[in-house]
Structure formats: structure tokens, C-alpha cells
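Content type TSV, N, CA and C atoms, from the file protein.tsv:
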chain	number	residue	atom	x	y	z
J	266	MET	N	32.50	108.61	167.36
J	266	MET	CA	33.08	109.81	166.79
J	266	MET	C	34.55	109.53	166.50
J	267	ASN	N	35.01	110.03	165.40
J	267	ASN	CA	36.42	109.91	165.06
J	267	ASN	C	37.09	111.29	165.17
J	268	THR	N	38.38	111.33	164.92
J	268	THR	CA	39.13	112.58	165.08
J	268	THR	C	38.60	113.67	164.16
J	269	GLN	N	38.28	113.32	162.92
J	269	GLN	CA	37.81	114.32	161.97
J	269	GLN	C	36.47	114.91	162.41
J	270	SER	N	35.54	114.07	162.84
J	270	SER	CA	34.24	114.60	163.28
J	270	SER	C	34.38	115.40	164.57
J	271	PHE	N	35.30	114.99	165.44
J	271	PHE	CA	35.61	115.76	166.66
J	271	PHE	C	36.09	117.16	166.28
J	272	ASN	N	37.07	117.22	165.37
J	272	ASN	CA	37.60	118.51	164.93
J	272	ASN	C	36.54	119.34	164.22
J	273	ASN	N	35.75	118.70	163.38
J	273	ASN	CA	34.70	119.43	162.67
J	273	ASN	C	33.69	120.05	163.64
J	274	PHE	N	33.35	119.33	164.69
J	274	PHE	CA	32.42	119.90	165.67
J	274	PHE	C	33.07	121.04	166.45
J	275	CYS	N	34.26	120.81	166.96
J	275	CYS	CA	34.91	121.83	167.80
J	275	CYS	C	35.14	123.13	167.05
J	276	LYS	N	35.42	123.05	165.75
J	276	LYS	CA	35.67	124.28	165.01
J	276	LYS	C	34.39	125.08	164.76
J	277	THR	N	33.23	124.49	165.01
J	277	THR	CA	31.98	125.25	164.88
J	277	THR	C	31.72	126.14	166.08
J	278	LEU	N	32.41	125.90	167.18
J	278	LEU	CA	32.23	126.71	168.38
J	278	LEU	C	32.98	128.03	168.20
J	279	PRO	N	32.40	129.13	168.63
J	279	PRO	CA	33.00	130.45	168.37
J	279	PRO	C	34.36	130.65	169.04
J	280	HIS	N	35.23	131.32	168.31
J	280	HIS	CA	36.51	131.81	168.85
J	280	HIS	C	37.45	130.70	169.32
J	281	THR	N	37.37	129.54	168.69
J	281	THR	CA	38.22	128.42	169.10
J	281	THR	C	39.50	128.38	168.28
J	282	THR	N	40.51	127.78	168.87
J	282	THR	CA	41.77	127.52	168.17
J	282	THR	C	42.12	126.05	168.33
J	283	HIS	N	42.89	125.55	167.39
J	283	HIS	CA	43.24	124.13	167.35
J	283	HIS	C	44.75	124.00	167.26
J	284	VAL	N	45.29	123.06	168.00
J	284	VAL	CA	46.71	122.75	167.92
J	284	VAL	C	46.86	121.24	168.11
J	285	VAL	N	47.86	120.68	167.44
J	285	VAL	CA	48.20	119.27	167.64
J	285	VAL	C	49.46	119.24	168.49
J	286	GLN	N	49.38	118.58	169.63
J	286	GLN	CA	50.52	118.53	170.55
J	286	GLN	C	50.50	117.21	171.31
J	287	TRP	N	51.45	117.01	172.16
J	287	TRP	CA	51.56	115.81	172.99
J	287	TRP	C	51.53	114.53	172.15
J	288	GLY	N	52.31	114.49	171.11
J	288	GLY	CA	52.40	113.27	170.32
J	288	GLY	C	51.20	113.00	169.44
J	289	GLY	N	50.54	114.03	168.99
J	289	GLY	CA	49.45	113.85	168.04
J	289	GLY	C	48.05	114.08	168.58
J	290	SER	N	47.92	114.57	169.80
J	290	SER	CA	46.59	114.86	170.34
J	290	SER	C	46.06	116.16	169.73
J	291	HIS	N	44.78	116.15	169.41
J	291	HIS	CA	44.11	117.34	168.88
J	291	HIS	C	43.52	118.10	170.06
J	292	VAL	N	44.04	119.31	170.28
J	292	VAL	CA	43.68	120.11	171.44
J	292	VAL	C	42.91	121.34	170.96
J	293	TRP	N	41.75	121.58	171.55
J	293	TRP	CA	40.93	122.74	171.21
J	293	TRP	C	40.87	123.68	172.39
J	294	LYS	N	40.99	124.98	172.08
J	294	LYS	CA	41.06	126.01	173.11
J	294	LYS	C	40.12	127.15	172.77
J	295	VAL	N	39.72	127.86	173.82
J	295	VAL	CA	39.03	129.14	173.67
J	295	VAL	C	39.74	130.11	174.60
J	296	GLY	N	40.11	131.27	174.07
J	296	GLY	CA	40.84	132.25	174.87
J	296	GLY	C	42.15	131.71	175.40
J	297	GLY	N	42.76	130.77	174.69
J	297	GLY	CA	44.02	130.19	175.13
J	297	GLY	C	43.90	129.10	176.17
J	298	LYS	N	42.68	128.76	176.56
J	298	LYS	CA	42.43	127.73	177.59
J	298	LYS	C	41.81	126.50	176.94
J	299	MET	N	42.32	125.33	177.29
J	299	MET	CA	41.81	124.08	176.73
J	299	MET	C	40.38	123.81	177.19
J	300	PHE	N	39.59	123.26	176.25
J	300	PHE	CA	38.28	122.77	176.63
J	300	PHE	C	38.04	121.34	176.14
J	301	ALA	N	38.86	120.86	175.19
J	301	ALA	CA	38.66	119.50	174.69
J	301	ALA	C	39.94	118.97	174.06
J	302	VAL	N	40.15	117.65	174.23
J	302	VAL	CA	41.31	116.97	173.67
J	302	VAL	C	40.85	115.64	173.09
J	303	CYS	N	41.38	115.31	171.93
J	303	CYS	CA	41.13	114.00	171.32
J	303	CYS	C	42.49	113.38	171.02
J	304	GLY	N	42.71	112.20	171.55
J	304	GLY	CA	43.99	111.55	171.33
J	304	GLY	C	43.92	110.08	171.65
J	305	LEU	N	45.06	109.44	171.62
J	305	LEU	CA	45.15	108.02	171.90
J	305	LEU	C	45.72	107.82	173.30
J	306	PRO	N	44.86	107.59	174.29
J	306	PRO	CA	45.37	107.36	175.65
J	306	PRO	C	46.08	106.02	175.76
J	307	LYS	N	46.87	105.87	176.78
J	307	LYS	CA	47.64	104.64	176.98
J	307	LYS	C	46.75	103.42	177.18
J	308	VAL	N	45.49	103.65	177.60
J	308	VAL	CA	44.60	102.51	177.84
J	308	VAL	C	44.04	101.94	176.56
J	309	GLY	N	44.28	102.58	175.43
J	309	GLY	CA	43.84	102.07	174.14
J	309	GLY	C	42.57	102.74	173.65
J	310	GLY	N	42.41	102.74	172.36
J	310	GLY	CA	41.24	103.38	171.76
J	310	GLY	C	41.38	104.89	171.71
J	311	LEU	N	40.47	105.51	171.00
J	311	LEU	CA	40.47	106.96	170.88
J	311	LEU	C	39.85	107.54	172.14
J	312	GLY	N	40.52	108.51	172.75
J	312	GLY	CA	40.04	109.11	173.99
J	312	GLY	C	39.60	110.55	173.77
J	313	PHE	N	38.53	110.91	174.44
J	313	PHE	CA	38.02	112.28	174.40
J	313	PHE	C	38.06	112.83	175.82
J	314	THR	N	38.75	113.94	175.98
J	314	THR	CA	38.95	114.54	177.30
J	314	THR	C	38.30	115.91	177.31
J	315	PHE	N	37.55	116.20	178.38
J	315	PHE	CA	36.83	117.46	178.47
J	315	PHE	C	36.52	117.78	179.93
J	316	LYS	N	36.31	119.06	180.17
J	316	LYS	CA	35.89	119.53	181.49
J	316	LYS	C	34.38	119.32	181.59
J	317	CYS	N	33.92	119.01	182.78
J	317	CYS	CA	32.48	118.84	182.97
J	317	CYS	C	32.07	119.36	184.35
J	318	SER	N	30.78	119.45	184.55
J	318	SER	CA	30.28	119.88	185.85
J	318	SER	C	30.59	118.81	186.89
J	319	ASP	N	30.52	119.18	188.15
J	319	ASP	CA	30.76	118.20	189.21
J	319	ASP	C	29.77	117.04	189.14
J	320	LEU	N	28.52	117.34	188.85
J	320	LEU	CA	27.50	116.30	188.76
J	320	LEU	C	27.79	115.36	187.59
J	321	SER	N	28.09	115.92	186.44
J	321	SER	CA	28.43	115.09	185.28
J	321	SER	C	29.65	114.23	185.55
J	322	TYR	N	30.63	114.82	186.22
J	322	TYR	CA	31.83	114.07	186.57
J	322	TYR	C	31.47	112.86	187.43
J	323	GLN	N	30.64	113.06	188.44
J	323	GLN	CA	30.25	111.97	189.33
J	323	GLN	C	29.51	110.87	188.58
J	324	LEU	N	28.69	111.25	187.61
J	324	LEU	CA	27.96	110.26	186.81
J	324	LEU	C	28.89	109.52	185.86
J	325	LEU	N	29.76	110.25	185.18
J	325	LEU	CA	30.62	109.63	184.18
J	325	LEU	C	31.72	108.77	184.78
J	326	ILE	N	32.26	109.18	185.92
J	326	ILE	CA	33.38	108.44	186.50
J	326	ILE	C	32.97	107.02	186.90
J	327	GLU	N	31.67	106.81	187.10
J	327	GLU	CA	31.16	105.49	187.48
J	327	GLU	C	30.95	104.59	186.26
J	328	GLN	N	31.07	105.13	185.07
J	328	GLN	CA	30.80	104.37	183.85
J	328	GLN	C	32.06	103.66	183.35
J	329	ARG	N	31.86	102.45	182.86
J	329	ARG	CA	32.97	101.72	182.24
J	329	ARG	C	33.41	102.49	181.00
J	330	GLY	N	34.70	102.67	180.83
J	330	GLY	CA	35.22	103.39	179.68
J	330	GLY	C	35.47	104.87	179.94
J	331	CYS	N	35.22	105.31	181.16
J	331	CYS	CA	35.49	106.70	181.54
J	331	CYS	C	36.40	106.70	182.76
J	332	ARG	N	37.23	107.71	182.85
J	332	ARG	CA	38.13	107.83	183.99
J	332	ARG	C	38.47	109.30	184.21
J	333	THR	N	39.05	109.58	185.35
J	333	THR	CA	39.58	110.91	185.60
J	333	THR	C	40.67	111.17	184.56
J	334	ALA	N	40.60	112.31	183.92
J	334	ALA	CA	41.58	112.62	182.88
J	334	ALA	C	42.96	112.76	183.49
J	335	PRO	N	43.93	111.99	182.97
J	335	PRO	CA	45.28	112.10	183.51
J	335	PRO	C	45.86	113.49	183.27
J	336	TYR	N	46.59	113.98	184.25
J	336	TYR	CA	47.29	115.28	184.19
J	336	TYR	C	46.36	116.48	184.31
J	337	PHE	N	45.07	116.27	184.55
J	337	PHE	CA	44.11	117.35	184.71
J	337	PHE	C	43.53	117.28	186.11
J	338	LYS	N	43.14	118.42	186.64
J	338	LYS	CA	42.45	118.44	187.92
J	338	LYS	C	40.97	118.17	187.67
J	339	ASN	N	40.34	117.54	188.64
J	339	ASN	CA	38.89	117.28	188.51
J	339	ASN	C	38.16	118.60	188.39
J	340	PRO	N	37.08	118.70	187.70
J	340	PRO	CA	36.31	117.63	187.08
J	340	PRO	C	36.57	117.47	185.58
J	341	TRP	N	37.74	117.02	185.20
J	341	TRP	CA	38.03	116.68	183.81
J	341	TRP	C	37.89	115.17	183.67
J	342	ILE	N	37.25	114.74	182.61
J	342	ILE	CA	36.99	113.31	182.40
J	342	ILE	C	37.58	112.89	181.06
J	343	GLN	N	37.96	111.64	180.96
J	343	GLN	CA	38.41	111.08	179.70
J	343	GLN	C	37.56	109.84	179.42
J	344	CYS	N	36.93	109.83	178.27
J	344	CYS	CA	36.11	108.70	177.85
J	344	CYS	C	36.72	108.10	176.60
J	345	PHE	N	36.78	106.80	176.55
J	345	PHE	CA	37.38	106.15	175.40
J	345	PHE	C	36.54	104.97	174.93
J	346	THR	N	35.22	105.14	175.00
J	346	THR	CA	34.33	104.13	174.46
J	346	THR	C	33.08	104.78	173.91
J	347	GLN	N	32.61	104.30	172.79
J	347	GLN	CA	31.38	104.79	172.18
J	347	GLN	C	30.15	104.23	172.91
J	348	GLU	N	30.35	103.21	173.73
J	348	GLU	CA	29.22	102.61	174.46
J	348	GLU	C	28.59	103.60	175.43
J	349	ILE	N	29.37	104.47	176.00
J	349	ILE	CA	28.89	105.42	176.99
J	349	ILE	C	28.41	106.70	176.33
J	350	LEU	N	29.21	107.23	175.42
J	350	LEU	CA	28.91	108.52	174.80
J	350	LEU	C	28.77	108.37	173.29
J	351	ASP	N	27.53	108.38	172.81
J	351	ASP	CA	27.36	108.41	171.36
J	351	ASP	C	27.73	109.81	170.87
J	352	ASP	N	27.77	110.00	169.57
J	352	ASP	CA	28.23	111.28	169.01
J	352	ASP	C	27.42	112.46	169.52
J	353	ALA	N	26.11	112.33	169.56
J	353	ALA	CA	25.25	113.44	169.99
J	353	ALA	C	25.52	113.80	171.46
J	354	THR	N	25.68	112.80	172.31
J	354	THR	CA	25.94	113.05	173.73
J	354	THR	C	27.32	113.65	173.92
J	355	LEU	N	28.30	113.14	173.19
J	355	LEU	CA	29.65	113.70	173.29
J	355	LEU	C	29.66	115.16	172.87
J	356	LYS	N	28.93	115.50	171.83
J	356	LYS	CA	28.85	116.89	171.39
J	356	LYS	C	28.25	117.77	172.48
J	357	LEU	N	27.27	117.27	173.19
J	357	LEU	CA	26.69	118.03	174.30
J	357	LEU	C	27.73	118.29	175.39
J	358	TYR	N	28.50	117.27	175.73
J	358	TYR	CA	29.55	117.43	176.74
J	358	TYR	C	30.65	118.39	176.25
J	359	LEU	N	31.03	118.29	174.99
J	359	LEU	CA	32.05	119.19	174.45
J	359	LEU	C	31.56	120.63	174.47
J	360	GLY	N	30.30	120.85	174.11
J	360	GLY	CA	29.72	122.20	174.16
J	360	GLY	C	29.66	122.72	175.58
J	361	ALA	N	29.32	121.85	176.52
J	361	ALA	CA	29.27	122.26	177.92
J	361	ALA	C	30.67	122.60	178.43
J	362	SER	N	31.66	121.82	178.01
J	362	SER	CA	33.05	122.09	178.40
J	362	SER	C	33.48	123.46	177.88
J	363	TYR	N	33.18	123.73	176.62
J	363	TYR	CA	33.46	125.03	176.03
J	363	TYR	C	32.85	126.15	176.88
J	364	ASN	N	31.58	125.99	177.23
J	364	ASN	CA	30.88	127.02	178.02
J	364	ASN	C	31.50	127.20	179.40
J	365	LEU	N	31.90	126.10	180.04
J	365	LEU	CA	32.54	126.20	181.36
J	365	LEU	C	33.85	126.97	181.27
J	366	ILE	N	34.65	126.67	180.26
J	366	ILE	CA	35.94	127.34	180.11
J	366	ILE	C	35.74	128.80	179.72
J	367	PHE	N	34.84	129.07	178.79
J	367	PHE	CA	34.58	130.45	178.37
J	367	PHE	C	34.13	131.30	179.56
J	368	ALA	N	33.29	130.74	180.41
J	368	ALA	CA	32.78	131.47	181.57
J	368	ALA	C	33.88	131.83	182.56
J	369	LYS	N	34.97	131.06	182.57
J	369	LYS	CA	36.09	131.32	183.49
J	369	LYS	C	37.08	132.35	182.94
J	370	LEU	N	36.96	132.69	181.66
J	370	LEU	CA	37.84	133.71	181.09
J	370	LEU	C	37.52	135.06	181.71
J	371	SER	N	38.49	135.94	181.72
J	371	SER	CA	38.24	137.28	182.25
J	371	SER	C	37.17	137.95	181.41
J	372	LYS	N	36.44	138.85	182.02
J	372	LYS	CA	35.39	139.59	181.30
J	372	LYS	C	36.00	140.37	180.13
J	373	LYS	N	37.18	140.90	180.34
J	373	LYS	CA	37.87	141.65	179.28
J	373	LYS	C	38.14	140.74	178.07
J	374	LEU	N	38.63	139.53	178.33
J	374	LEU	CA	38.91	138.59	177.26
J	374	LEU	C	37.61	138.13	176.59
J	375	GLN	N	36.61	137.86	177.38
J	375	GLN	CA	35.30	137.48	176.82
J	375	GLN	C	34.80	138.55	175.85
J	376	LEU	N	34.88	139.82	176.27
J	376	LEU	CA	34.43	140.91	175.40
J	376	LEU	C	35.29	141.01	174.14
J	377	ALA	N	36.57	140.80	174.27
J	377	ALA	CA	37.47	140.86	173.11
J	377	ALA	C	37.16	139.76	172.10
J	378	LEU	N	36.69	138.62	172.59
J	378	LEU	CA	36.39	137.50	171.70
J	378	LEU	C	35.04	137.64	171.02
J	379	THR	N	34.15	138.42	171.60
J	379	THR	CA	32.81	138.52	171.01
J	379	THR	C	32.65	139.71	170.11
Entire entry expressed as C-alpha cells:
Amino acid sequence: MNTQSFNNFCKTLPHTTHVVQWGGSHVWKVGGKMFAVCGLPKVGGLGFTFKCSDLSYQLLIEQRGCRTAPYFKNPWIQCFTQEILDDATLKLYLGASYNLIFAKLSKKLQLALT
């Protein structure tokens, strides 16, 4: 997945906003809360950062090309290899991240967004 396909997918999710920050990272939010980031991590290559379930975190952190997302509390993961996450799998994780973040929004905000 490249930056354009990442952005194209994230904008299909309801009530999302996009901002470019931190030196060119593409940050996607729902209700003002981040759920996905695409940028160039210091380790090289294009990195995709997202929140995941505890189980997914435990599985992904053991994979080459994935690490704990810097500056985020667990269970946020950063993957920077296509070997682990093909486009379809990455989209599933991005959708799950969106759902996790949306579920944490206040009920009032959730209703306002729908």
C-alpha cells in the first residue's frame, strides 16, 4: 500500500478527518481522535501506525517489520513492511482501529457523528 491508497481507504470510513502533520505524516481521525497514521519512520520505508486489539498486538509485535508504535501507548503498532501486511490485511486492521477509537468516543459525540 502506498500513501495515496492509504488515504483513499481511510476517507471511505464515516466521519473521518485528515491532516498532514509531524513532518509529512498523514494522520486520520474520527471524532478528533487518531486511528491511523502513514509516514516515514526513522527505521526506513513507509510505516503504517494503528491501534489494535491486545491479541492482534501480541501477534504483530512478534513479526519482523512490526514494532510498538513510538510515542503511543500499547496496543498501537507500527508496521513498515508489505511482507507482513498485504493491502487487504492492512485495510482490515485500519478498519478495526477505526472501530476501536469510535467505540471509545463519548456516546454524545457518537450520536452527533451519525
Using Å and a single decimal, report how far atom CA of Cys303 of chain J sits from atom C of Glu348 of chain J.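 Here the two named atoms are 16.8 Å from each other.
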DSSP on the backbone, then: every residue of segment 336-376 of chain J marked strand (DSSP E), written as a list in words.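 Taking segment 336-376 of chain J and keeping strand (DSSP E) gives Trp341, Ile342, Gln343 and Cys344 of chain J.
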Straight-line distance linking atom C of Lys316 of chain J with atom N of Leu365 of chain J, stated in Å to one decimal: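 If I compute the distance from atom C of Lys316 of chain J to atom N of Leu365 of chain J, I get 7.4 Å.
Take atom N of Asp319 of chain J and atom CA of Thr346 of chain J: the distance between them is 20.7 Å.
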Could you pull out the helix (DSSP H, G or I) residues of segment 300-377 of chain J from DSSP and send them as a PyMOL selection string? chain J and resi 319-326+352-369+372-377
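Of the listed residues J:Ile326, J:Leu357, J:Cys331, J:Val292, the one whose atoms come nearest to Gly304 of chain J is J:Val292, with distances taken using all atoms listed in the file.
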Skip Gly330 of chain J itself and residues of its chain fewer than 2 positions away, then list as a list of chain:residue names all residues within 6.5 Å of it, counting all atoms listed in the file.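 The contact residues come out as J:Gln328, J:Arg332, J:Gln343, J:Cys344, J:Phe345, J:Thr346.
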List the spatial neighbours of Asn272 of chain J as a ChimeraX atom specification - criterion: any atom at most 10 Å away, only C-alpha atoms, same-chain residues fewer than 2 positions off excluded. /J:266-270,274-277,283,291-293,301-303
Given 3 Å on each side, where is the centre and what are the edge lengths in Å to one decimal of the axis-aligned box enclosing the listed atoms of segment 292-301 of chain J, as JSON?
{"center_x": 41.0, "center_y": 125.6, "center_z": 173.9, "size_x": 12.0, "size_y": 19.3, "size_z": 13.3}
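Among J:Ile342, J:Ser371, J:Gly288, J:Phe315, the residue with the shortest atom-to-atom distance to Leu359 of chain J, counting all atoms listed in the file, is J:Phe315.
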Enumerate, as a ChimeraX atom specification, the protein, DNA and RNA residues whose atoms approach (36.0, 116.7, 185.0) to within 6.5 Å, taking into account all atoms listed in the file and the coordinate frame of the file. /J:315-318,322,334,338-342
Residue among J:Lys298, J:Lys356, J:Glu327, J:Thr282 lying closest to Phe313 of chain J, counting only C-alpha atoms: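 With only C-alpha atoms as the atom set, the closest residue is J:Lys356.
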